[in-house]
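Here is the file work.cif (mmCIF, C-alpha atoms and all ligand atoms).
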data_query
#
loop_
_atom_site.label_atom_id
_atom_site.label_comp_id
_atom_site.auth_asym_id
_atom_site.auth_seq_id
_atom_site.Cartn_x
_atom_site.Cartn_y
_atom_site.Cartn_z
CA MET A 1 51.40 -77.20 11.07
CA ARG A 2 55.08 -76.61 11.74
CA ALA A 3 54.40 -72.88 12.15
CA LEU A 4 51.60 -73.67 14.58
CA LEU A 5 53.85 -75.90 16.70
CA LEU A 6 56.56 -73.24 16.63
CA ALA A 7 54.06 -70.60 17.73
CA LEU A 8 52.87 -72.84 20.57
CA ALA A 9 56.43 -73.61 21.65
CA ALA A 10 57.32 -69.91 21.48
CA PHE A 11 54.23 -69.00 23.53
CA LEU A 12 54.98 -71.59 26.22
CA GLY A 13 58.61 -70.46 26.23
CA GLY A 14 57.44 -66.89 26.70
CA VAL A 15 55.20 -67.85 29.65
CA LEU A 16 58.03 -69.77 31.34
CA LEU A 17 60.46 -66.93 30.75
CA GLY A 18 58.04 -64.38 32.15
CA ALA A 19 58.34 -66.16 35.49
CA SER A 20 62.10 -65.63 35.48
CA SER A 21 61.37 -61.89 35.95
CA TYR A 22 64.27 -60.94 33.75
CA ARG A 23 63.39 -57.67 32.09
CA ALA A 24 65.52 -56.16 29.39
CA ARG A 25 66.28 -52.49 29.68
CA LEU A 26 64.57 -51.44 26.49
CA VAL A 27 66.08 -48.30 25.13
CA LEU A 28 63.45 -48.07 22.47
CA ALA A 29 59.85 -48.75 23.35
CA ASP A 30 58.67 -49.20 19.82
CA LEU A 31 60.80 -48.53 16.80
CA ARG A 32 57.82 -48.82 14.54
CA ALA A 33 56.02 -45.98 16.26
CA ALA A 34 59.11 -43.83 15.76
CA LEU A 35 59.36 -44.57 12.06
CA PRO A 36 58.18 -41.91 9.67
CA GLY A 37 55.35 -42.99 7.40
CA PRO A 38 54.05 -46.44 6.60
CA LEU A 39 56.26 -49.47 6.25
CA ALA A 40 55.41 -49.81 2.56
CA PRO A 41 58.39 -51.15 0.67
CA VAL A 42 60.31 -48.33 -0.93
CA TRP A 43 63.00 -50.69 -2.00
CA ALA A 44 64.98 -49.99 -5.14
CA PRO A 45 67.60 -52.51 -6.24
CA HIS A 46 70.51 -50.22 -5.55
CA CYS A 47 71.75 -46.69 -5.85
CA ALA A 48 74.61 -47.30 -8.24
CA ASN A 49 73.16 -44.79 -10.67
CA ILE A 50 74.34 -42.01 -8.37
CA TYR A 51 77.86 -42.96 -9.31
CA ALA A 52 79.43 -41.42 -12.34
CA GLY A 53 78.67 -43.49 -15.41
CA GLY A 54 77.19 -46.21 -13.23
CA GLN A 55 80.69 -47.16 -12.12
CA LEU A 56 81.17 -47.85 -8.46
CA THR A 57 84.39 -46.59 -6.98
CA PRO A 58 85.60 -49.66 -5.09
CA VAL A 59 87.81 -47.70 -2.71
CA PHE A 60 86.59 -44.60 -0.94
CA ASP A 61 86.97 -42.63 2.23
CA ALA A 62 84.48 -43.83 4.85
CA GLY A 63 85.02 -40.56 6.72
CA GLN A 64 83.36 -38.72 3.84
CA LEU A 65 80.07 -40.57 4.15
CA PRO A 66 77.26 -39.02 6.16
CA PRO A 67 75.88 -41.40 8.83
CA ALA A 68 72.33 -42.52 8.16
CA GLN A 69 69.48 -40.84 9.98
CA HIS A 70 68.20 -43.33 12.48
CA PRO A 71 65.21 -43.34 14.83
CA VAL A 72 67.01 -45.41 17.47
CA PRO A 73 68.37 -42.81 19.87
CA GLY A 74 72.11 -42.97 20.22
CA LEU A 75 72.70 -45.30 17.28
CA THR A 76 74.47 -44.10 14.19
CA HIS A 77 74.84 -46.41 11.25
CA LEU A 78 76.81 -46.24 8.07
CA THR A 79 76.71 -48.88 5.37
CA LEU A 80 80.22 -48.86 3.95
CA HIS A 81 79.39 -51.27 1.16
CA GLY A 82 76.04 -52.90 0.74
CA ARG A 83 73.07 -54.04 -1.27
CA LYS A 84 71.05 -50.87 -1.40
CA ALA A 85 73.88 -48.42 -1.75
CA HIS A 86 76.11 -50.35 -4.10
CA GLY A 87 74.28 -53.38 -5.41
CA MET A 88 76.39 -55.87 -3.42
CA LYS A 89 74.64 -59.22 -3.57
CA GLY A 90 76.12 -61.40 -0.86
CA LEU A 91 77.34 -59.22 1.98
CA GLU A 92 77.35 -55.81 3.61
CA LEU A 93 79.84 -54.06 5.82
CA TRP A 94 78.68 -51.49 8.34
CA ILE A 95 80.25 -49.16 10.83
CA SER A 96 78.10 -48.19 13.79
CA THR A 97 78.25 -46.26 17.01
CA LEU A 98 76.18 -46.67 20.16
CA ALA A 99 76.23 -43.76 22.60
CA PRO A 100 76.64 -44.51 26.33
CA GLY A 101 73.44 -45.81 27.92
CA THR A 102 71.84 -46.80 24.62
CA GLY A 103 71.36 -50.06 22.79
CA THR A 104 69.77 -51.76 19.84
CA PRO A 105 66.28 -53.13 20.20
CA ILE A 106 66.11 -56.83 21.06
CA HIS A 107 65.90 -58.37 17.64
CA ARG A 108 66.63 -61.27 15.32
CA HIS A 109 67.32 -61.51 11.63
CA ASP A 110 67.63 -64.29 9.09
CA CYS A 111 71.22 -63.41 8.16
CA GLU A 112 74.50 -64.24 9.82
CA GLU A 113 76.30 -61.31 11.42
CA VAL A 114 79.83 -60.84 12.70
CA LEU A 115 81.01 -57.85 14.70
CA LEU A 116 84.32 -56.39 15.75
CA VAL A 117 84.47 -53.75 18.47
CA LEU A 118 86.88 -50.98 17.56
CA ARG A 119 86.54 -48.76 20.63
CA GLY A 120 84.46 -48.58 23.77
CA GLU A 121 82.78 -51.11 26.03
CA GLY A 122 79.43 -52.81 25.85
CA VAL A 123 77.37 -55.91 26.42
CA ALA A 124 76.15 -58.52 23.96
CA ALA A 125 72.97 -60.21 25.18
CA MET A 126 71.99 -63.41 23.40
CA GLN A 127 69.08 -65.69 24.08
CA ASP A 128 69.78 -69.43 24.15
CA LYS A 129 67.47 -71.98 22.59
CA ASP A 130 66.15 -72.72 26.09
CA GLY A 131 65.32 -69.05 26.60
CA THR A 132 68.21 -68.12 28.89
CA VAL A 133 69.63 -64.68 28.17
CA VAL A 134 73.42 -64.78 28.30
CA GLU A 135 75.25 -61.47 28.60
CA THR A 136 78.87 -61.06 27.58
CA LYS A 137 81.04 -58.01 28.11
CA LEU A 138 82.60 -56.50 25.02
CA GLY A 139 85.64 -54.29 24.75
CA PRO A 140 88.12 -53.21 22.10
CA ASN A 141 88.85 -56.13 19.77
CA SER A 142 85.94 -58.24 21.03
CA THR A 143 84.30 -60.16 18.25
CA LEU A 144 80.77 -61.45 18.18
CA ALA A 145 79.11 -63.96 15.88
CA VAL A 146 75.33 -63.90 15.63
CA LEU A 147 73.67 -66.93 14.11
CA PRO A 148 70.58 -66.52 11.96
CA ASN A 149 67.42 -65.92 13.97
CA ALA A 150 69.17 -65.75 17.35
CA ARG A 151 67.43 -63.19 19.54
CA HIS A 152 70.00 -60.64 20.66
CA GLN A 153 70.76 -57.09 21.69
CA LEU A 154 73.83 -54.90 21.86
CA ARG A 155 74.11 -52.29 24.60
CA ASN A 156 76.60 -49.67 25.58
CA ASP A 157 76.87 -49.62 29.35
CA GLY A 158 80.20 -47.81 29.24
CA SER A 159 81.00 -44.13 29.54
CA ARG A 160 82.18 -43.54 25.99
CA ASP A 161 80.90 -44.32 22.52
CA LEU A 162 80.96 -47.95 21.43
CA HIS A 163 82.27 -48.19 17.88
CA PHE A 164 82.01 -51.43 15.95
CA ILE A 165 82.06 -52.76 12.45
CA ALA A 166 79.63 -55.44 11.43
CA ALA A 167 79.23 -57.63 8.39
CA ILE A 168 76.07 -59.46 7.38
CA ASP A 169 75.38 -61.98 4.66
CA ASN A 170 72.28 -62.27 2.52
CA PRO A 171 71.34 -58.57 2.31
CA PRO A 172 69.05 -56.68 2.47
CA PHE A 173 68.89 -56.60 6.26
CA ARG A 174 65.47 -57.65 7.55
CA PRO A 175 65.37 -57.34 11.34
CA CYS A 176 62.42 -58.36 13.47
CA LEU A 177 62.14 -56.38 16.72
CA TYR A 178 60.92 -57.43 20.15
CA ARG A 179 59.69 -55.36 23.04
CA SER A 180 61.07 -57.81 25.59
CA TRP A 181 62.91 -61.12 25.92
CA GLU A 182 59.66 -62.67 27.10
CA ASP A 183 57.83 -61.98 23.84
CA PRO A 184 56.89 -65.20 22.04
CA TYR A 185 59.41 -65.97 19.35
CA LEU A 186 57.06 -65.12 16.51
CA ALA A 187 55.74 -61.94 18.12
CA CYS A 188 58.28 -59.55 16.67
CA GLN A 189 57.83 -56.50 14.49
CA SER A 190 59.41 -56.88 11.08
CA VAL A 191 61.10 -53.75 9.75
CA TRP A 192 61.62 -53.89 6.03
CA PRO A 193 63.16 -52.17 4.29
CA MET A 194 65.49 -51.28 7.14
CA VAL A 195 65.51 -47.57 7.92
CA TRP A 196 68.92 -46.96 6.43
CA ASP A 197 67.98 -48.81 3.23
CA ARG A 198 65.09 -46.51 2.40
CA SER A 199 66.93 -43.89 0.44
CA CYS A 200 70.06 -43.49 -1.56
CA PRO A 201 72.95 -41.30 -0.42
CA ASP A 202 72.61 -37.73 -1.67
CA LYS A 203 75.98 -37.84 -3.29
CA ALA A 204 78.57 -40.37 -4.23
CA PRO A 205 81.38 -40.84 -1.72
CA GLN A 206 84.64 -39.15 -2.56
CA PRO A 207 87.41 -41.41 -3.76
CA LEU A 208 90.48 -41.18 -1.58
CA PRO A 209 92.71 -38.34 -2.79
CA HIS A 210 95.66 -40.69 -2.97
CA HIS A 211 93.65 -43.38 -4.69
CA VAL A 212 95.25 -43.93 -8.06
CA VAL A 213 94.74 -46.76 -10.48
CA LEU A 214 98.05 -48.50 -10.96
CA SER A 215 98.68 -49.85 -14.39
CA GLY A 216 97.30 -53.35 -14.77
CA SER A 217 98.76 -56.20 -16.72
CA LYS A 218 96.53 -58.11 -19.05
CA GLY A 219 95.52 -61.45 -17.67
CA ALA A 220 96.25 -60.47 -14.06
CA THR A 221 92.54 -60.29 -13.27
CA ALA A 222 89.59 -62.27 -14.49
CA GLU A 223 87.59 -60.76 -17.33
CA MET A 224 84.46 -59.13 -15.89
C1 LIG B 1 93.50 -55.54 18.58
O1 LIG B 1 94.09 -56.61 17.87
C2 LIG B 1 95.08 -56.22 16.96
C3 LIG B 1 95.49 -57.46 16.19
O2 LIG B 1 95.99 -58.47 17.03
C4 LIG B 1 96.23 -55.58 17.72
O3 LIG B 1 97.20 -55.12 16.81
C5 LIG B 1 95.70 -54.40 18.52
O4 LIG B 1 96.71 -53.85 19.31
C6 LIG B 1 94.55 -54.83 19.40
N1 LIG B 1 93.96 -53.66 20.04
C7 LIG B 1 93.63 -53.64 21.32
C8 LIG B 1 92.99 -52.39 21.79
O5 LIG B 1 93.80 -54.59 22.06
#
As structure tokens:
Amino acid sequence: MRALLLALAAFLGGVLLGASSYRARLVLADLRAALPGPLAPVWAPHCANIYAGGQLTPVFDAGQLPPAQHPVPGLTHLTLHGRKAHGMKGLELWISTLAPGTGTPIHRHDCEEVLLVLRGEGVAAMQDKDGTVVETKLGPNSTLAVLPNARHQLRNDGSRDLHFIAAIDNPPFRPCLYRSWEDPYLACQSVWPMVWDRSCPDKAPQPLPHHVVLSGSKGATAEM
């Protein structure tokens, strides 16, 4: 019953919004169509077995990791630490780049997300509860907090790459994609597992060359 009311509310919202004639510049018409193969879950708990002896190196050089292949043009994504790659349970940290003139699909997800822009300029578009799409300019050091299930999009309208780091809770990441802001709330395309969670890295990341284990003192850390 609640779902039905939500669907009705979302539909009416969509009709009202349609009249506002606001049209998002969709960079990607349909991510699903661009995805290779069916969306059958290929989830494995994590890839920690690629690490020597099953031990995860907690410190490594992010520059050594290959960015994930991604069907969204202009978006590169790298999970620095996460559920799929490392068996992290509560959070993931990503580093991503959007090329000029590109953007993420309009989407929502059931996790919280926080972002920090490292370099470049862009726009965060967020839809209010009443359907209004609010756009905010982002630049170096801009932060952005995305609440669970808020419909949003990130775009790079600048002339250079937009680099940002993002953290999410409650992995794995389960986005639901929209074609437009006017789509009814429930009319999104779920993508799970997320593209970059579908395979393990080919090789373990290199530990930093200067990364040495300093001698520990007993009792300084909790027993694991
Ligand atoms: C970003 O913030 C940090 C911390 O306050 C500061 O050191 C740095 O200079 C800032 N960078 C820019 C581009 O404003």
Margin query: Please find the residues contacting ligand LIG 1 (chain B) at a distance of at most 12 Å between atoms, with all atoms listed in the file counted, and report them as a PyMOL selection string.
Written below: chain A and resi 116-121+138-143
Could those selected residues go to a file with C-alpha atoms, as a compact mmCIF listing (two decimals), in the frame of the given file?
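Contents of out_9.txt, as written:
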# COMPACT_ATOMS: atom_id res chain seq x y z
CA LEU A 116 84.32 -56.39 15.75
CA VAL A 117 84.47 -53.75 18.47
CA LEU A 118 86.88 -50.98 17.56
CA ARG A 119 86.54 -48.76 20.63
CA GLY A 120 84.46 -48.58 23.77
CA GLU A 121 82.78 -51.11 26.03
CA LEU A 138 82.60 -56.50 25.02
CA GLY A 139 85.64 -54.29 24.75
CA PRO A 140 88.12 -53.21 22.10
CA ASN A 141 88.85 -56.13 19.77
CA SER A 142 85.94 -58.24 21.03
CA THR A 143 84.30 -60.16 18.25
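Using all atoms listed in the file for every distance, the candidate list A:Pro171, A:Pro71, A:Gly158, A:Pro105 yields A:Pro71 as the residue closest to Val195 in chain A.
Atom to atom, CA of Leu93 in chain A and CA of Cys176 in chain A stand 19.5 Å apart.
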Give me, as a PDB file with C-alpha atoms, in the coordinates of the input, all polymer residues having an atom no more than 8 Å from range 125-137 of chain A, counting only C-alpha atoms and skipping those fewer than 3 positions away in the same chain.
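Once written, part_8.pdb looks like this:
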ATOM      1  CA  GLY A  13      58.610 -70.460  26.230  1.00  0.00           C
ATOM      2  CA  LEU A  17      60.460 -66.930  30.750  1.00  0.00           C
ATOM      3  CA  GLU A 121      82.780 -51.110  26.030  1.00  0.00           C
ATOM      4  CA  GLY A 122      79.430 -52.810  25.850  1.00  0.00           C
ATOM      5  CA  ALA A 150      69.170 -65.750  17.350  1.00  0.00           C
ATOM      6  CA  ARG A 151      67.430 -63.190  19.540  1.00  0.00           C
ATOM      7  CA  HIS A 152      70.000 -60.640  20.660  1.00  0.00           C
ATOM      8  CA  GLN A 153      70.760 -57.090  21.690  1.00  0.00           C
ATOM      9  CA  LEU A 154      73.830 -54.900  21.860  1.00  0.00           C
ATOM     10  CA  TRP A 181      62.910 -61.120  25.920  1.00  0.00           C
TER      11      TRP A 181
END
Check: Counting only C-alpha atoms, which residues come within 8 Å of (59.3, -58.3, 13.4), with the point read in the file's coordinates, and could you list them as JSON, numbers by chain?
Finding: {"A": [107, 175, 176, 177, 178, 186, 187, 188, 189, 190, 191]}
Check: Of the candidates A:Arg155, A:Ala166, A:Cys47, A:Asp61, which one gets nearest to Met88 in chain A if we count all atoms listed in the file?
Finding: A:Cys47
Note to self: I need the residue nearest Phe173 in chain A from this list: A:Ala124, A:Leu144, A:Glu112, A:Asn156. Use all atoms listed in the file for the distance.
What the structure shows: A:Glu112
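With all atoms listed in the file as the atoms that count, the residue of A:Gly87, A:Gly74, A:Pro148, A:Pro184 with the shortest distance to His163 in chain A is A:Gly74.
The closest residue to Asp169 in chain A, picked from A:Val146, A:Phe60, A:Tyr185, A:Thr104 and counting only C-alpha atoms, is A:Val146.
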